[in-house]
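Here is final14.cif, consisting of mmCIF, C-alpha atoms and all ligand atoms:
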data_query
#
loop_
_atom_site.label_atom_id
_atom_site.label_comp_id
_atom_site.auth_asym_id
_atom_site.auth_seq_id
_atom_site.Cartn_x
_atom_site.Cartn_y
_atom_site.Cartn_z
CA MET U 5 -27.29 21.40 -5.21
CA THR U 6 -30.89 20.21 -4.95
CA ASP U 7 -33.77 21.66 -6.99
CA ALA U 8 -35.12 23.40 -3.91
CA ALA U 9 -31.93 25.43 -3.69
CA THR U 10 -31.89 26.76 -7.27
CA PRO U 11 -32.62 30.44 -7.73
CA GLU U 12 -35.61 29.63 -9.96
CA ALA U 13 -37.19 27.23 -7.47
CA ARG U 14 -36.94 29.80 -4.70
CA GLY U 15 -38.17 32.70 -6.83
CA VAL U 16 -40.79 35.27 -5.86
CA PRO U 17 -44.34 34.32 -6.97
CA ASP U 18 -45.72 36.30 -9.94
CA ALA U 19 -48.66 37.50 -7.84
CA GLU U 20 -46.29 39.16 -5.37
CA TRP U 21 -44.48 41.01 -8.17
CA ALA U 22 -47.87 42.11 -9.56
CA ARG U 23 -48.89 43.51 -6.16
CA ALA U 24 -45.64 45.48 -5.96
CA VAL U 25 -46.06 46.91 -9.47
CA SER U 26 -49.66 47.95 -8.83
CA ALA U 27 -48.78 49.59 -5.47
CA LEU U 28 -45.96 51.53 -7.15
CA ASP U 29 -48.21 52.53 -10.06
CA ARG U 30 -50.89 53.93 -7.77
CA ALA U 31 -48.54 55.93 -5.54
CA GLY U 32 -48.07 59.70 -5.83
CA GLU U 33 -44.92 59.46 -3.71
CA VAL U 34 -42.64 56.46 -3.30
CA CYS U 35 -40.14 56.34 -0.41
CA LEU U 36 -37.05 54.16 -0.79
CA ALA U 37 -34.64 53.04 1.93
CA CYS U 38 -31.59 50.79 2.09
CA HIS U 39 -29.67 49.42 5.06
CA VAL U 40 -27.41 51.56 7.28
CA ARG U 41 -23.76 52.02 6.25
CA PRO U 42 -24.85 51.03 2.74
CA ASP U 43 -22.71 48.79 0.54
CA GLY U 44 -22.78 48.77 -3.26
CA ASP U 45 -25.70 46.34 -3.42
CA ALA U 46 -27.94 48.28 -1.03
CA LEU U 47 -27.26 51.78 -2.42
CA GLY U 48 -26.84 50.70 -6.05
CA SER U 49 -30.14 48.81 -6.14
CA MET U 50 -31.97 51.72 -4.51
CA LEU U 51 -30.53 54.33 -6.90
CA ALA U 52 -31.40 52.17 -9.92
CA VAL U 53 -35.03 51.77 -8.83
CA ALA U 54 -35.25 55.48 -7.93
CA GLN U 55 -34.28 56.42 -11.48
CA ALA U 56 -36.62 53.81 -12.97
CA LEU U 57 -39.57 55.12 -10.94
CA THR U 58 -38.85 58.67 -12.09
CA ALA U 59 -38.69 57.43 -15.70
CA ARG U 60 -41.99 55.65 -15.14
CA GLY U 61 -43.61 58.95 -14.14
CA VAL U 62 -43.80 58.68 -10.34
CA GLN U 63 -44.10 62.30 -9.19
CA ARG U 64 -42.04 62.18 -6.00
CA VAL U 65 -39.30 59.73 -5.19
CA THR U 66 -37.58 60.02 -1.79
CA ALA U 67 -34.52 57.88 -1.02
CA SER U 68 -32.43 57.63 2.11
CA PHE U 69 -30.78 55.41 4.72
CA GLY U 70 -30.93 55.73 8.47
CA ASP U 71 -27.38 56.71 9.41
CA GLU U 72 -26.51 59.47 11.86
CA PRO U 73 -24.44 61.31 10.70
CA PHE U 74 -25.74 60.85 7.16
CA GLY U 75 -23.20 60.50 4.37
CA VAL U 76 -22.56 58.44 1.26
CA PRO U 77 -19.45 56.24 1.71
CA ALA U 78 -16.56 57.74 -0.29
CA THR U 79 -16.20 54.50 -2.27
CA LEU U 80 -19.73 54.90 -3.71
CA ARG U 81 -19.66 58.62 -4.50
CA PHE U 82 -18.92 57.92 -8.17
CA LEU U 83 -22.45 56.52 -8.65
CA PRO U 84 -24.90 58.47 -10.84
CA GLY U 85 -28.23 59.52 -9.35
CA LEU U 86 -27.04 60.42 -5.85
CA ASP U 87 -29.03 63.69 -6.01
CA VAL U 88 -32.21 61.72 -5.22
CA LEU U 89 -30.88 61.13 -1.68
CA SER U 90 -32.03 63.15 1.31
CA PRO U 91 -31.09 62.77 4.99
CA PRO U 92 -33.32 60.60 7.20
CA GLU U 93 -34.63 63.64 9.13
CA ALA U 94 -36.48 64.74 5.97
CA TYR U 95 -38.05 61.28 5.46
CA PRO U 96 -41.87 60.95 5.65
CA GLU U 97 -43.02 59.50 8.97
CA ARG U 98 -45.91 57.60 7.38
CA PRO U 99 -44.99 56.73 3.79
CA GLU U 100 -47.82 55.80 1.45
CA VAL U 101 -45.56 53.26 -0.27
CA MET U 102 -42.07 52.41 1.02
CA VAL U 103 -39.55 50.03 -0.57
CA THR U 104 -36.54 48.59 1.30
CA PHE U 105 -33.37 47.34 -0.41
CA ASP U 106 -31.01 44.65 0.95
CA VAL U 107 -32.52 45.06 4.43
CA ALA U 108 -32.70 41.70 6.23
CA SER U 109 -34.55 42.98 9.30
CA VAL U 110 -36.27 46.21 10.39
CA ASP U 111 -33.44 47.21 12.75
CA ARG U 112 -31.05 47.41 9.76
CA LEU U 113 -33.01 50.51 8.70
CA GLY U 114 -31.58 52.47 11.64
CA LEU U 115 -33.38 55.83 11.93
CA LEU U 116 -35.88 54.81 9.20
CA ALA U 117 -37.23 51.76 11.06
CA GLY U 118 -40.20 53.74 12.44
CA SER U 119 -41.24 54.94 8.97
CA ALA U 120 -41.19 51.33 7.73
CA LEU U 121 -43.38 50.15 10.60
CA ARG U 122 -45.92 52.94 9.89
CA ALA U 123 -45.87 52.68 6.05
CA ALA U 124 -49.27 51.86 4.51
CA GLU U 125 -47.57 49.58 1.99
CA LEU U 126 -44.07 48.18 2.65
CA ILE U 127 -42.33 46.40 -0.23
CA VAL U 128 -39.29 44.41 0.90
CA LEU U 129 -36.73 43.65 -1.83
CA ASP U 130 -34.01 41.38 -0.44
CA HIS U 131 -31.89 38.22 -0.80
CA HIS U 132 -31.05 37.35 2.82
CA GLU U 133 -32.11 33.87 3.96
CA SER U 134 -32.76 35.26 7.45
CA ASN U 135 -35.30 37.87 6.23
CA PRO U 136 -38.56 37.13 8.09
CA GLY U 137 -40.66 38.86 5.39
CA PHE U 138 -41.45 42.02 7.35
CA GLY U 139 -43.21 43.76 4.45
CA THR U 140 -46.80 43.84 3.24
CA VAL U 141 -45.29 42.72 -0.10
CA ASN U 142 -42.18 40.52 0.11
CA LEU U 143 -39.92 40.26 -2.93
CA ILE U 144 -37.36 38.05 -1.21
CA ASN U 145 -35.26 35.40 -2.95
CA PRO U 146 -32.31 33.94 -1.00
CA GLY U 147 -31.20 32.30 -4.25
CA ALA U 148 -30.51 35.71 -5.82
CA ALA U 149 -26.82 36.63 -5.93
CA ALA U 150 -27.62 40.24 -5.01
CA THR U 151 -30.57 42.48 -4.25
CA ALA U 152 -29.60 44.10 -7.58
CA VAL U 153 -30.87 40.97 -9.39
CA LEU U 154 -34.30 41.49 -7.82
CA ALA U 155 -34.16 45.25 -8.48
CA ALA U 156 -33.50 44.47 -12.17
CA GLU U 157 -36.54 42.21 -12.24
CA LEU U 158 -38.71 44.90 -10.63
CA ILE U 159 -37.52 47.46 -13.20
CA ASP U 160 -38.30 45.00 -16.03
CA ARG U 161 -41.75 44.37 -14.60
CA LEU U 162 -42.34 48.13 -14.36
CA GLY U 163 -41.65 48.19 -18.09
CA VAL U 164 -38.78 50.68 -17.78
CA PRO U 165 -35.94 50.12 -20.30
CA LEU U 166 -32.44 49.82 -18.82
CA THR U 167 -30.42 52.98 -19.38
CA ALA U 168 -26.73 53.47 -18.51
CA PRO U 169 -27.46 55.40 -15.26
CA ILE U 170 -29.95 52.74 -14.11
CA ALA U 171 -27.52 49.98 -15.06
CA ALA U 172 -24.76 51.69 -13.04
CA GLY U 173 -26.45 50.96 -9.71
CA LEU U 174 -27.40 47.42 -10.69
CA TYR U 175 -23.90 46.58 -11.93
CA THR U 176 -22.44 48.00 -8.71
CA GLY U 177 -24.69 45.69 -6.70
CA LEU U 178 -23.77 42.69 -8.81
CA VAL U 179 -20.00 43.34 -8.62
CA THR U 180 -20.16 44.02 -4.86
CA ASP U 181 -22.12 40.96 -3.79
CA THR U 182 -20.49 38.47 -6.16
CA GLY U 183 -17.02 39.72 -5.18
CA SER U 184 -16.59 40.65 -8.83
CA PHE U 185 -18.14 37.47 -10.23
CA ARG U 186 -16.44 35.05 -7.82
CA PHE U 187 -19.37 34.02 -5.53
CA SER U 188 -22.97 33.00 -6.26
CA VAL U 189 -22.16 32.98 -9.95
CA THR U 190 -24.90 31.54 -12.17
CA PRO U 191 -25.73 31.89 -15.86
CA GLN U 192 -28.39 34.44 -14.80
CA VAL U 193 -25.75 36.61 -13.10
CA HIS U 194 -23.69 36.78 -16.29
CA GLU U 195 -26.81 37.28 -18.43
CA LEU U 196 -27.80 40.27 -16.33
CA ALA U 197 -24.22 41.59 -16.41
CA ALA U 198 -24.27 41.32 -20.21
CA ARG U 199 -27.51 43.32 -20.41
CA LEU U 200 -26.09 45.98 -18.09
CA ILE U 201 -22.80 46.31 -19.98
CA ALA U 202 -24.78 46.55 -23.23
CA THR U 203 -26.26 49.86 -22.01
CA GLY U 204 -22.78 51.31 -22.52
CA LEU U 205 -21.31 51.26 -19.01
CA ASP U 206 -17.57 50.82 -18.65
CA PRO U 207 -16.83 47.70 -16.52
CA ASP U 208 -13.21 48.80 -15.95
CA LEU U 209 -14.44 51.89 -14.12
CA TYR U 210 -16.48 49.77 -11.68
CA ALA U 211 -13.62 47.37 -11.01
CA ARG U 212 -11.36 50.32 -10.21
CA GLU U 213 -13.87 52.29 -8.13
CA LEU U 214 -15.25 49.33 -6.18
CA LEU U 215 -12.21 47.09 -5.73
CA ASP U 216 -8.94 48.64 -6.76
CA ARG U 217 -8.48 52.00 -5.09
CA ALA U 218 -7.81 53.41 -1.63
CA PRO U 219 -5.95 56.35 -0.10
CA PHE U 220 -2.24 55.74 0.67
CA GLY U 221 -3.03 55.53 4.40
CA TYR U 222 -4.99 52.34 3.69
CA LEU U 223 -1.67 50.56 3.23
CA ARG U 224 -0.72 51.51 6.80
CA VAL U 225 -4.12 50.41 8.17
CA LEU U 226 -3.92 47.10 6.29
CA SER U 227 -0.37 46.55 7.47
CA ALA U 228 -1.33 47.11 11.12
CA ALA U 229 -4.36 44.81 10.86
CA LEU U 230 -2.49 42.01 9.07
CA GLY U 231 0.47 42.34 11.43
CA ARG U 232 -1.68 41.44 14.42
CA ALA U 233 -3.80 38.71 12.76
CA VAL U 234 -4.18 35.58 14.89
CA LEU U 235 -4.57 32.04 13.54
CA GLU U 236 -6.41 29.58 15.79
CA PRO U 237 -6.25 26.23 13.93
CA GLY U 238 -8.30 24.34 16.53
CA GLN U 239 -11.33 26.67 16.37
CA ALA U 240 -14.42 26.52 14.11
CA GLY U 241 -14.82 22.79 14.67
CA GLY U 242 -11.14 22.19 13.95
CA TYR U 243 -11.36 23.88 10.52
CA GLY U 244 -9.51 26.95 11.78
CA LEU U 245 -10.30 30.57 12.64
CA VAL U 246 -8.27 33.62 11.65
CA TRP U 247 -9.13 37.01 13.12
CA THR U 248 -7.85 40.52 13.47
CA THR U 249 -8.90 44.06 14.38
CA VAL U 250 -8.92 47.43 12.62
CA THR U 251 -8.94 50.04 15.35
CA ARG U 252 -9.79 53.74 15.47
CA GLN U 253 -6.16 54.25 16.40
CA ASP U 254 -5.03 52.56 13.14
CA ARG U 255 -7.21 54.92 11.12
CA ALA U 256 -6.16 58.00 13.10
CA ALA U 257 -2.46 57.17 12.69
CA ALA U 258 -2.92 56.72 8.94
CA GLY U 259 -4.31 60.25 8.51
CA GLN U 260 -7.78 60.33 10.13
CA LEU U 261 -9.17 57.88 7.60
CA PRO U 262 -12.92 57.24 7.63
CA TYR U 263 -14.38 53.97 8.96
CA GLU U 264 -15.06 52.54 5.52
CA VAL U 265 -11.34 51.87 4.82
CA ALA U 266 -11.72 48.98 7.27
CA GLU U 267 -14.38 47.28 5.12
CA SER U 268 -12.11 45.54 2.61
CA VAL U 269 -9.56 44.17 5.12
CA ILE U 270 -11.66 40.99 5.41
CA ASP U 271 -11.01 40.28 1.72
CA VAL U 272 -7.31 39.80 2.45
CA VAL U 273 -7.69 38.02 5.81
CA ARG U 274 -10.12 35.44 4.42
CA ARG U 275 -7.49 34.15 1.96
CA THR U 276 -5.82 32.24 4.82
CA ASP U 277 -5.60 28.58 3.73
CA GLU U 278 -5.37 27.32 7.31
CA ALA U 279 -8.67 28.86 8.40
CA GLU U 280 -12.20 28.05 7.29
CA VAL U 281 -13.55 31.13 9.05
CA ALA U 282 -12.16 34.66 8.95
CA VAL U 283 -13.33 37.47 11.23
CA VAL U 284 -12.42 41.16 11.24
CA PHE U 285 -13.41 43.49 14.09
CA LYS U 286 -13.77 47.02 12.70
CA GLU U 287 -13.88 49.77 15.31
CA ALA U 288 -16.31 52.57 14.47
CA ASP U 289 -15.82 56.20 15.52
CA ASP U 290 -18.10 55.64 18.54
CA GLY U 291 -15.86 52.84 19.87
CA CYS U 292 -18.29 50.01 19.05
CA TRP U 293 -17.26 47.26 16.65
CA HIS U 294 -18.74 46.16 13.35
CA VAL U 295 -17.74 42.56 12.87
CA SER U 296 -17.36 40.87 9.46
CA ALA U 297 -17.33 37.07 9.29
CA ARG U 298 -16.58 34.92 6.24
CA SER U 299 -16.67 31.15 5.73
CA LYS U 300 -15.49 29.00 2.85
CA GLY U 301 -18.59 26.78 3.20
CA LYS U 302 -18.09 24.27 6.01
CA VAL U 303 -19.27 26.62 8.75
CA ASP U 304 -22.45 28.73 8.72
CA VAL U 305 -21.34 32.18 9.90
CA ALA U 306 -24.86 33.63 9.54
CA ARG U 307 -26.18 31.44 12.35
CA ALA U 308 -23.51 32.63 14.78
CA SER U 309 -24.00 36.25 13.66
CA VAL U 310 -27.77 36.08 14.16
CA ARG U 311 -27.20 34.75 17.68
CA LEU U 312 -24.99 37.77 18.33
CA GLY U 313 -27.64 40.20 17.11
CA GLY U 314 -26.56 40.46 13.46
CA GLY U 315 -27.31 38.54 10.27
CA GLY U 316 -26.19 37.83 6.73
CA HIS U 317 -25.55 34.84 4.50
CA SER U 318 -24.06 31.45 5.46
CA ARG U 319 -20.67 32.44 3.94
CA ALA U 320 -20.73 36.20 4.63
CA ALA U 321 -22.30 37.66 7.73
CA GLY U 322 -21.76 40.24 10.43
CA PHE U 323 -22.91 41.77 13.69
CA GLY U 324 -22.43 44.83 15.87
CA TRP U 325 -20.65 44.63 19.23
CA CYS U 326 -20.18 47.30 21.88
CA GLY U 327 -18.17 45.17 24.37
CA THR U 328 -14.59 43.96 24.24
CA VAL U 329 -13.13 42.01 21.33
CA GLN U 330 -12.12 39.20 23.69
CA ASP U 331 -15.73 38.80 24.92
CA ALA U 332 -17.05 38.72 21.36
CA LEU U 333 -14.40 36.16 20.41
CA ALA U 334 -15.32 33.92 23.33
CA ARG U 335 -18.96 33.92 22.19
CA LEU U 336 -17.97 33.38 18.56
CA ARG U 337 -15.65 30.46 19.32
CA SER U 338 -18.40 28.55 21.10
CA LEU U 339 -21.08 29.38 18.50
CA LEU U 340 -18.82 28.47 15.56
CA ALA U 341 -17.97 25.12 17.11
CA ALA U 342 -21.71 24.37 17.19
CA ASP U 343 -22.39 25.66 13.67
CA THR U 344 -19.95 23.41 11.85
CA GLU U 345 -21.65 21.20 9.31
CA PRO U 346 -19.69 18.04 8.49
CA ASP U 347 -21.43 17.89 5.07
CA GLY U 348 -19.90 21.20 4.05
CA GLY U 349 -22.87 23.49 4.60
CA ARG U 350 -24.47 25.37 1.74
P1 LIG U 401 -20.10 42.79 5.74
O1 LIG U 401 -19.18 41.93 6.52
O2 LIG U 401 -20.37 44.09 6.41
O3 LIG U 401 -19.68 42.91 4.31
O4 LIG U 401 -21.51 42.06 5.72
C1 LIG U 401 -21.66 40.74 5.25
C2 LIG U 401 -23.13 40.35 5.29
O5 LIG U 401 -23.58 40.37 6.64
C3 LIG U 401 -24.07 41.28 4.54
O6 LIG U 401 -25.08 40.48 3.94
C4 LIG U 401 -24.66 42.15 5.61
O7 LIG U 401 -25.96 42.55 5.27
C5 LIG U 401 -24.66 41.25 6.82
N1 LIG U 401 -24.44 42.03 8.06
C6 LIG U 401 -23.31 42.67 8.40
N2 LIG U 401 -23.43 43.30 9.59
C7 LIG U 401 -24.70 43.05 10.00
C8 LIG U 401 -25.47 43.44 11.16
N3 LIG U 401 -24.95 44.21 12.11
N4 LIG U 401 -26.74 43.00 11.24
C9 LIG U 401 -27.26 42.22 10.26
N5 LIG U 401 -26.60 41.83 9.17
C10 LIG U 401 -25.34 42.23 9.02
MN MN U 402 -25.74 44.71 1.97
MN MN U 403 -26.82 42.17 -0.82
#
Is it possible to give me this structure as structure tokens?
Amino acid sequence: MTDAATPEARGVPDAEWARAVSALDRAGEVCLACHVRPDGDALGSMLAVAQALTARGVQRVTASFGDEPFGVPATLRFLPGLDVLSPPEAYPERPEVMVTFDVASVDRLGLLAGSALRAAELIVLDHHESNPGFGTVNLINPGAAATAVLAAELIDRLGVPLTAPIAAGLYTGLVTDTGSFRFSVTPQVHELAARLIATGLDPDLYARELLDRAPFGYLRVLSAALGRAVLEPGQAGGYGLVWTTVTRQDRAAAGQLPYEVAESVIDVVRRTDEAEVAVVFKEADDGCWHVSARSKGKVDVARASVRLGGGGHSRAAGFGWCGTVQDALARLRSLLAADTEPDGGR
């Protein structure tokens, strides 16, 4: 790794942090938003900052995400501080100060994109390389393991001490985006984890809630998806592609399970030794597909995903697709062949 790629070297300038803190200090109301279909990093970071702003004395804190219908994924309902959330219909149209969490581009705000474009001050807190810096203040560090790392820094700079409920959201973000301390692990990640655990939170609870539980029907869904997985050893520049689908039919047959049970299937599929790239097509209730792509490092899946209208990180990315799986696969195969880096990528 070169110096330019270290988290420190790619950090956010002090002046940008100072602008964010002064905008937040001046505001009577602060509006927070994370990306649609939030994961633990997006929602956890937002809830942590919401509680910190309230502790800091901000009079009104609004927090939401732009999904229709609006609902917190079942896997994240154990988080403290969910009462700050309100549906996107109740969100101010022209926020005085708005902060986005884990949002790589405006369209990932869904129904809240318009509010972001009209906000007087827009603070963007994110760790996606592809983020163009769409805020008036950009707190973006692609070297950060999670948006939660940046949220922790913002909370420190606001001078708010870490409490257990604030730490809960940050720890959730850290566990989610590091795959429970497997990816993007640096001394700073463990130092932050140590500070968070020192507030009194129970790490076992987070492991169980975030990684180790599912309804019984999940076993049926997983079985169906794994049973039809396809290995294509010649694809992805000869490094191998493995892919499968999780359909609405799978979820219906397993007891009308919600979409989010499909999310963790990629974590099993990507284990495949014979494939550098793993892809899971997850069918949403509206019949469109959310596609998850993972790479072990030799292929940049973010580049292909961006070309297909999505985004993400070089080793974990995704996109939405309303056509057939076969059409998406044809596009992916040709993009992945072009995005293979013989030096192993980053
Ligand atoms: P997932 O496969 O849903 O866990 O997402 C992996 C990474 O890709 C995350 O950083 C997401 O933010 C990003 N990502 C997933 N789907 C999309 C999308 N439709 N548009 C932009 N980024 C996405
Ligand atoms: Mn995310
Ligand atoms: Mn993230």
query = Using all atoms listed in the file, what are the residues with an atom within 9 Å of ligand LIG 401 (chain U), set out as an MDAnalysis selection string?
reply = chainID U and resid 39 41:43 46 106:109 111:112 131:132 181 267:268 270 283:284 294:298 306 309:310 312:325
key: Residue neighbourhood stretch 52-69 of chain U, 7 Å, only C-alpha atoms, exclusion window fewer than 6 positions, as a PyMOL selection string   = chain U and resi 32-40+88-92+113+116+155+159+164+170-171+173-174
ask   = Can you tell me how far atom CA of U:Ala257 sits from atom CA of U:Val272, in Å to one decimal?
value = 20.7 Å
inquiry  = Set the distance at 9 Å and use all atoms listed in the file: which residues neighbour U:Ala78 once local chain neighbours fewer than 4 positions away are removed? I'd like the list as an MDAnalysis selection string.
reply    = chainID U and resid 82 262 264
request  = Find the residues around U:Ala342 up to 10 Å (only C-alpha atoms counted), leave out those fewer than 5 positions away in its own chain, and share them as an NGL selection string.
outcome  = :U and (240-241 or 303-304 or 307-308 or 336-337)
task = Select, counting all atoms listed in the file, all protein, DNA and RNA residues no farther than 9 Å from (-39.9, 43.7, 11.5) in file coordinates, and express the selection as an MDAnalysis selection string.
result = chainID U and resid 109:111 117 120:121 136:139
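Those residues that approach U:Leu28 to within 10 Å, counting only C-alpha atoms, are Ala22, Arg23, Ala24, Val25, Ser26, Arg30, Ala31, Gly32, Glu33, Val34, Leu57, Arg60, Val62, Glu100, Val101, Met102, Val103, Glu125, Ile127 and Leu162 of chain U; same-chain residues fewer than 2 positions away are not listed.
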task = With a distance cut-off of 9 Å and only C-alpha atoms, select the neighbouring residues of U:Leu83, excluding the residue or stretch itself and same-chain residues fewer than 4 positions from it, and output the selection as a ChimeraX atom specification.
result = /U:48,51,169,172-173,176
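Put simply, atom CA of U:Thr248 is 12.0 Å away from atom CA of U:Trp293.
Across the structure, atom CA of U:Arg212 and atom CA of U:Ala228 are spaced 23.8 Å apart.
Closest approach to ligand MN 402 (chain U) from the set U:Gly238, U:Gly177, U:Gly147, U:Gly75 is made by U:Gly177, with distances taken over only C-alpha atoms and all ligand atoms.
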query = Pick the closest to U:Ser49 from U:Pro207, U:Pro17, U:Gly85, U:Pro73: which is it, counting all atoms listed in the file?
reply = U:Gly85
